[in-house]
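Okay, structure first, notes after.
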Amino acid sequence: MARLPRLSGLEIVKVLVKNFGFEVVRHKGSHVMLRKFVDGKKIVTVVPLHKEVKLGTLLGALELGKVEKEEFFKAIR
């Protein structure tokens, strides 16, 4: 398996907004809260705006946002 790319928080936010239907709800300090509605349910995730987000942090944000990691990594290619 190829190495996973290191992404900044801003790059992650752009992918989630463009490809997965999230919208930016709030930006406080170094974190951005994203939200989307699916079947009447609100799904929220938080992404830190670090220069390089650690893989575990990214996977946690994807899990909160109910985004499959395979779909996310396809979207960034």
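To be explicit about the labels: the chains of the structure tokens are called A, B, and onward in the order shown, and within each one the residues are counted from 1, while ligands get numbers from 1 in the order they are shown.
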Report task. Would you list the contacts of segment 39-54 of chain A as a ChimeraX atom specification, taking every protein, DNA or RNA residue within 6 Å and counting only C-alpha atoms, but skipping same-chain residues closer than 3 positions in sequence? Result -> /A:7-10,30-36,57,61,64-65
Dump as a tab-separated table (two decimals), in the first residue's frame, selection limited to N, CA and C atoms:
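selection.tsv, freshly written:
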chain	number	residue	atom	x	y	z
A	7	LEU	N	-1.48	15.91	5.11
A	7	LEU	CA	-2.33	17.02	4.68
A	7	LEU	C	-2.41	18.06	5.77
A	8	SER	N	-2.59	19.31	5.36
A	8	SER	CA	-2.83	20.37	6.33
A	8	SER	C	-4.31	20.39	6.67
A	9	GLY	N	-4.65	21.05	7.76
A	9	GLY	CA	-6.05	21.16	8.15
A	9	GLY	C	-6.88	21.86	7.09
A	10	LEU	N	-6.31	22.88	6.46
A	10	LEU	CA	-7.03	23.62	5.42
A	10	LEU	C	-7.33	22.73	4.21
A	30	SER	N	-7.86	27.56	16.43
A	30	SER	CA	-7.21	26.78	15.38
A	30	SER	C	-8.06	25.59	14.94
A	31	HIS	N	-9.37	25.62	15.20
A	31	HIS	CA	-10.24	24.52	14.81
A	31	HIS	C	-11.43	25.01	14.00
A	32	VAL	N	-11.85	24.19	13.05
A	32	VAL	CA	-13.00	24.49	12.22
A	32	VAL	C	-14.05	23.41	12.45
A	33	MET	N	-15.30	23.83	12.67
A	33	MET	CA	-16.40	22.89	12.83
A	33	MET	C	-17.15	22.82	11.51
A	34	LEU	N	-17.36	21.60	11.03
A	34	LEU	CA	-18.06	21.37	9.77
A	34	LEU	C	-19.35	20.61	10.05
A	35	ARG	N	-20.38	20.86	9.22
A	35	ARG	CA	-21.67	20.22	9.43
A	35	ARG	C	-22.30	19.88	8.09
A	36	LYS	N	-23.09	18.80	8.09
A	36	LYS	CA	-23.95	18.48	6.96
A	36	LYS	C	-25.16	17.72	7.49
A	57	THR	N	-5.48	11.84	14.02
A	57	THR	CA	-6.40	12.97	14.14
A	57	THR	C	-7.30	13.04	12.91
A	61	ALA	N	-11.42	12.60	12.76
A	61	ALA	CA	-12.32	13.59	12.15
A	61	ALA	C	-13.20	12.93	11.10
A	64	LEU	N	-15.92	10.89	12.91
A	64	LEU	CA	-16.99	11.77	13.41
A	64	LEU	C	-17.91	12.21	12.28
A	65	GLY	N	-17.31	12.48	11.11
A	65	GLY	CA	-18.08	12.95	9.96
A	65	GLY	C	-18.71	11.84	9.15
Report task. Could you check how far atom CA of Lys28 of chain A sits from atom CA of Val67 of chain A, in Å to one decimal? Result ->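 It comes out at 22.8 Å.
Distances here use only C-alpha atoms; by that measure, the residue among A:Lys14, A:Ile76, A:Lys69, A:His27 closest to Gly56 of chain A is A:Lys69.
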**Report entry** Those in chain A with alpha helix (DSSP H) from DSSP, as a PyMOL selection string
**Finding:** chain A and resi 9-20+55-64+69-75
Keeping only C-alpha atoms, take the residues you just selected and write them out as a PDB file, in the first residue's frame.
ATOM      1  CA  GLY A   9      -6.049  21.158   8.145  1.00  0.00           C
ATOM      2  CA  LEU A  10      -7.031  23.618   5.422  1.00  0.00           C
ATOM      3  CA  GLU A  11      -6.593  20.953   2.717  1.00  0.00           C
ATOM      4  CA  ILE A  12      -8.788  18.539   4.697  1.00  0.00           C
ATOM      5  CA  VAL A  13     -11.507  21.164   5.118  1.00  0.00           C
ATOM      6  CA  LYS A  14     -11.463  21.920   1.373  1.00  0.00           C
ATOM      7  CA  VAL A  15     -11.889  18.235   0.479  1.00  0.00           C
ATOM      8  CA  LEU A  16     -14.716  17.706   2.968  1.00  0.00           C
ATOM      9  CA  VAL A  17     -16.579  20.802   1.750  1.00  0.00           C
ATOM     10  CA  LYS A  18     -16.071  20.192  -1.969  1.00  0.00           C
ATOM     11  CA  ASN A  19     -16.526  16.418  -2.153  1.00  0.00           C
ATOM     12  CA  PHE A  20     -18.602  15.393   0.860  1.00  0.00           C
ATOM     13  CA  LEU A  55      -3.035  10.483  10.679  1.00  0.00           C
ATOM     14  CA  GLY A  56      -4.867   9.496  13.864  1.00  0.00           C
ATOM     15  CA  THR A  57      -6.403  12.967  14.136  1.00  0.00           C
ATOM     16  CA  LEU A  58      -7.504  12.830  10.507  1.00  0.00           C
ATOM     17  CA  LEU A  59      -9.054   9.385  10.935  1.00  0.00           C
ATOM     18  CA  GLY A  60     -10.883  10.603  14.045  1.00  0.00           C
ATOM     19  CA  ALA A  61     -12.317  13.591  12.150  1.00  0.00           C
ATOM     20  CA  LEU A  62     -13.420  11.296   9.317  1.00  0.00           C
ATOM     21  CA  GLU A  63     -15.061   8.903  11.777  1.00  0.00           C
ATOM     22  CA  LEU A  64     -16.987  11.773  13.408  1.00  0.00           C
ATOM     23  CA  LYS A  69     -11.303   6.713   4.723  1.00  0.00           C
ATOM     24  CA  GLU A  70     -11.067   4.967   1.340  1.00  0.00           C
ATOM     25  CA  GLU A  71     -13.517   7.467  -0.190  1.00  0.00           C
ATOM     26  CA  PHE A  72     -11.608  10.383   1.340  1.00  0.00           C
ATOM     27  CA  PHE A  73      -8.258   9.214   0.012  1.00  0.00           C
ATOM     28  CA  LYS A  74      -9.788   8.634  -3.454  1.00  0.00           C
ATOM     29  CA  ALA A  75     -11.071  12.212  -3.383  1.00  0.00           C
TER      30      ALA A  75
END
Query - DSSP strand (DSSP E) selection over chain A, as a ChimeraX atom specification - result: /A:23-28,31-38,41-48
Can you spit out the residues from that selection as a PDB file, in the first residue's frame, using N, CA and C atoms?
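To be explicit, this is the file written out as result30.pdb:
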ATOM      1  N   GLU A  23     -20.392  21.923   5.294  1.00  0.00           N
ATOM      2  CA  GLU A  23     -20.286  23.373   5.267  1.00  0.00           C
ATOM      3  C   GLU A  23     -19.593  23.823   6.547  1.00  0.00           C
ATOM      4  N   VAL A  24     -18.849  24.914   6.448  1.00  0.00           N
ATOM      5  CA  VAL A  24     -18.161  25.447   7.613  1.00  0.00           C
ATOM      6  C   VAL A  24     -19.192  26.155   8.483  1.00  0.00           C
ATOM      7  N   VAL A  25     -19.280  25.742   9.737  1.00  0.00           N
ATOM      8  CA  VAL A  25     -20.235  26.318  10.674  1.00  0.00           C
ATOM      9  C   VAL A  25     -19.553  27.353  11.553  1.00  0.00           C
ATOM     10  N   ARG A  26     -18.358  27.012  12.025  1.00  0.00           N
ATOM     11  CA  ARG A  26     -17.688  27.883  12.974  1.00  0.00           C
ATOM     12  C   ARG A  26     -16.186  27.702  12.865  1.00  0.00           C
ATOM     13  N   HIS A  27     -15.475  28.793  13.070  1.00  0.00           N
ATOM     14  CA  HIS A  27     -14.014  28.766  13.110  1.00  0.00           C
ATOM     15  C   HIS A  27     -13.613  29.484  14.384  1.00  0.00           C
ATOM     16  N   LYS A  28     -13.105  28.727  15.333  1.00  0.00           N
ATOM     17  CA  LYS A  28     -12.709  29.317  16.607  1.00  0.00           C
ATOM     18  C   LYS A  28     -11.288  28.872  16.923  1.00  0.00           C
ATOM     19  N   HIS A  31      -9.367  25.620  15.199  1.00  0.00           N
ATOM     20  CA  HIS A  31     -10.238  24.516  14.813  1.00  0.00           C
ATOM     21  C   HIS A  31     -11.425  25.010  13.998  1.00  0.00           C
ATOM     22  N   VAL A  32     -11.849  24.186  13.049  1.00  0.00           N
ATOM     23  CA  VAL A  32     -13.005  24.492  12.219  1.00  0.00           C
ATOM     24  C   VAL A  32     -14.054  23.412  12.454  1.00  0.00           C
ATOM     25  N   MET A  33     -15.296  23.835  12.673  1.00  0.00           N
ATOM     26  CA  MET A  33     -16.398  22.886  12.834  1.00  0.00           C
ATOM     27  C   MET A  33     -17.149  22.824  11.508  1.00  0.00           C
ATOM     28  N   LEU A  34     -17.364  21.600  11.028  1.00  0.00           N
ATOM     29  CA  LEU A  34     -18.063  21.371   9.768  1.00  0.00           C
ATOM     30  C   LEU A  34     -19.354  20.610  10.051  1.00  0.00           C
ATOM     31  N   ARG A  35     -20.377  20.857   9.216  1.00  0.00           N
ATOM     32  CA  ARG A  35     -21.672  20.221   9.431  1.00  0.00           C
ATOM     33  C   ARG A  35     -22.305  19.878   8.091  1.00  0.00           C
ATOM     34  N   LYS A  36     -23.094  18.801   8.091  1.00  0.00           N
ATOM     35  CA  LYS A  36     -23.952  18.477   6.962  1.00  0.00           C
ATOM     36  C   LYS A  36     -25.160  17.717   7.493  1.00  0.00           C
ATOM     37  N   PHE A  37     -26.215  17.699   6.697  1.00  0.00           N
ATOM     38  CA  PHE A  37     -27.435  16.993   7.080  1.00  0.00           C
ATOM     39  C   PHE A  37     -27.645  15.830   6.119  1.00  0.00           C
ATOM     40  N   VAL A  38     -27.894  14.650   6.671  1.00  0.00           N
ATOM     41  CA  VAL A  38     -28.163  13.455   5.880  1.00  0.00           C
ATOM     42  C   VAL A  38     -29.418  12.807   6.443  1.00  0.00           C
ATOM     43  N   LYS A  41     -30.671  14.079   9.683  1.00  0.00           N
ATOM     44  CA  LYS A  41     -29.765  13.989  10.834  1.00  0.00           C
ATOM     45  C   LYS A  41     -28.565  14.892  10.603  1.00  0.00           C
ATOM     46  N   LYS A  42     -28.143  15.553  11.679  1.00  0.00           N
ATOM     47  CA  LYS A  42     -26.993  16.446  11.596  1.00  0.00           C
ATOM     48  C   LYS A  42     -25.720  15.653  11.879  1.00  0.00           C
ATOM     49  N   ILE A  43     -24.753  15.804  10.996  1.00  0.00           N
ATOM     50  CA  ILE A  43     -23.443  15.171  11.174  1.00  0.00           C
ATOM     51  C   ILE A  43     -22.419  16.289  11.313  1.00  0.00           C
ATOM     52  N   VAL A  44     -21.634  16.237  12.386  1.00  0.00           N
ATOM     53  CA  VAL A  44     -20.675  17.290  12.695  1.00  0.00           C
ATOM     54  C   VAL A  44     -19.293  16.680  12.863  1.00  0.00           C
ATOM     55  N   THR A  45     -18.285  17.402  12.403  1.00  0.00           N
ATOM     56  CA  THR A  45     -16.907  17.002  12.654  1.00  0.00           C
ATOM     57  C   THR A  45     -16.072  18.249  12.880  1.00  0.00           C
ATOM     58  N   VAL A  46     -14.916  18.066  13.491  1.00  0.00           N
ATOM     59  CA  VAL A  46     -14.018  19.175  13.803  1.00  0.00           C
ATOM     60  C   VAL A  46     -12.646  18.858  13.217  1.00  0.00           C
ATOM     61  N   VAL A  47     -12.056  19.851  12.550  1.00  0.00           N
ATOM     62  CA  VAL A  47     -10.737  19.674  11.935  1.00  0.00           C
ATOM     63  C   VAL A  47      -9.798  20.749  12.493  1.00  0.00           C
ATOM     64  N   PRO A  48      -8.645  20.357  13.029  1.00  0.00           N
ATOM     65  CA  PRO A  48      -7.669  21.353  13.481  1.00  0.00           C
ATOM     66  C   PRO A  48      -6.937  21.946  12.280  1.00  0.00           C
TER      67      PRO A  48
END
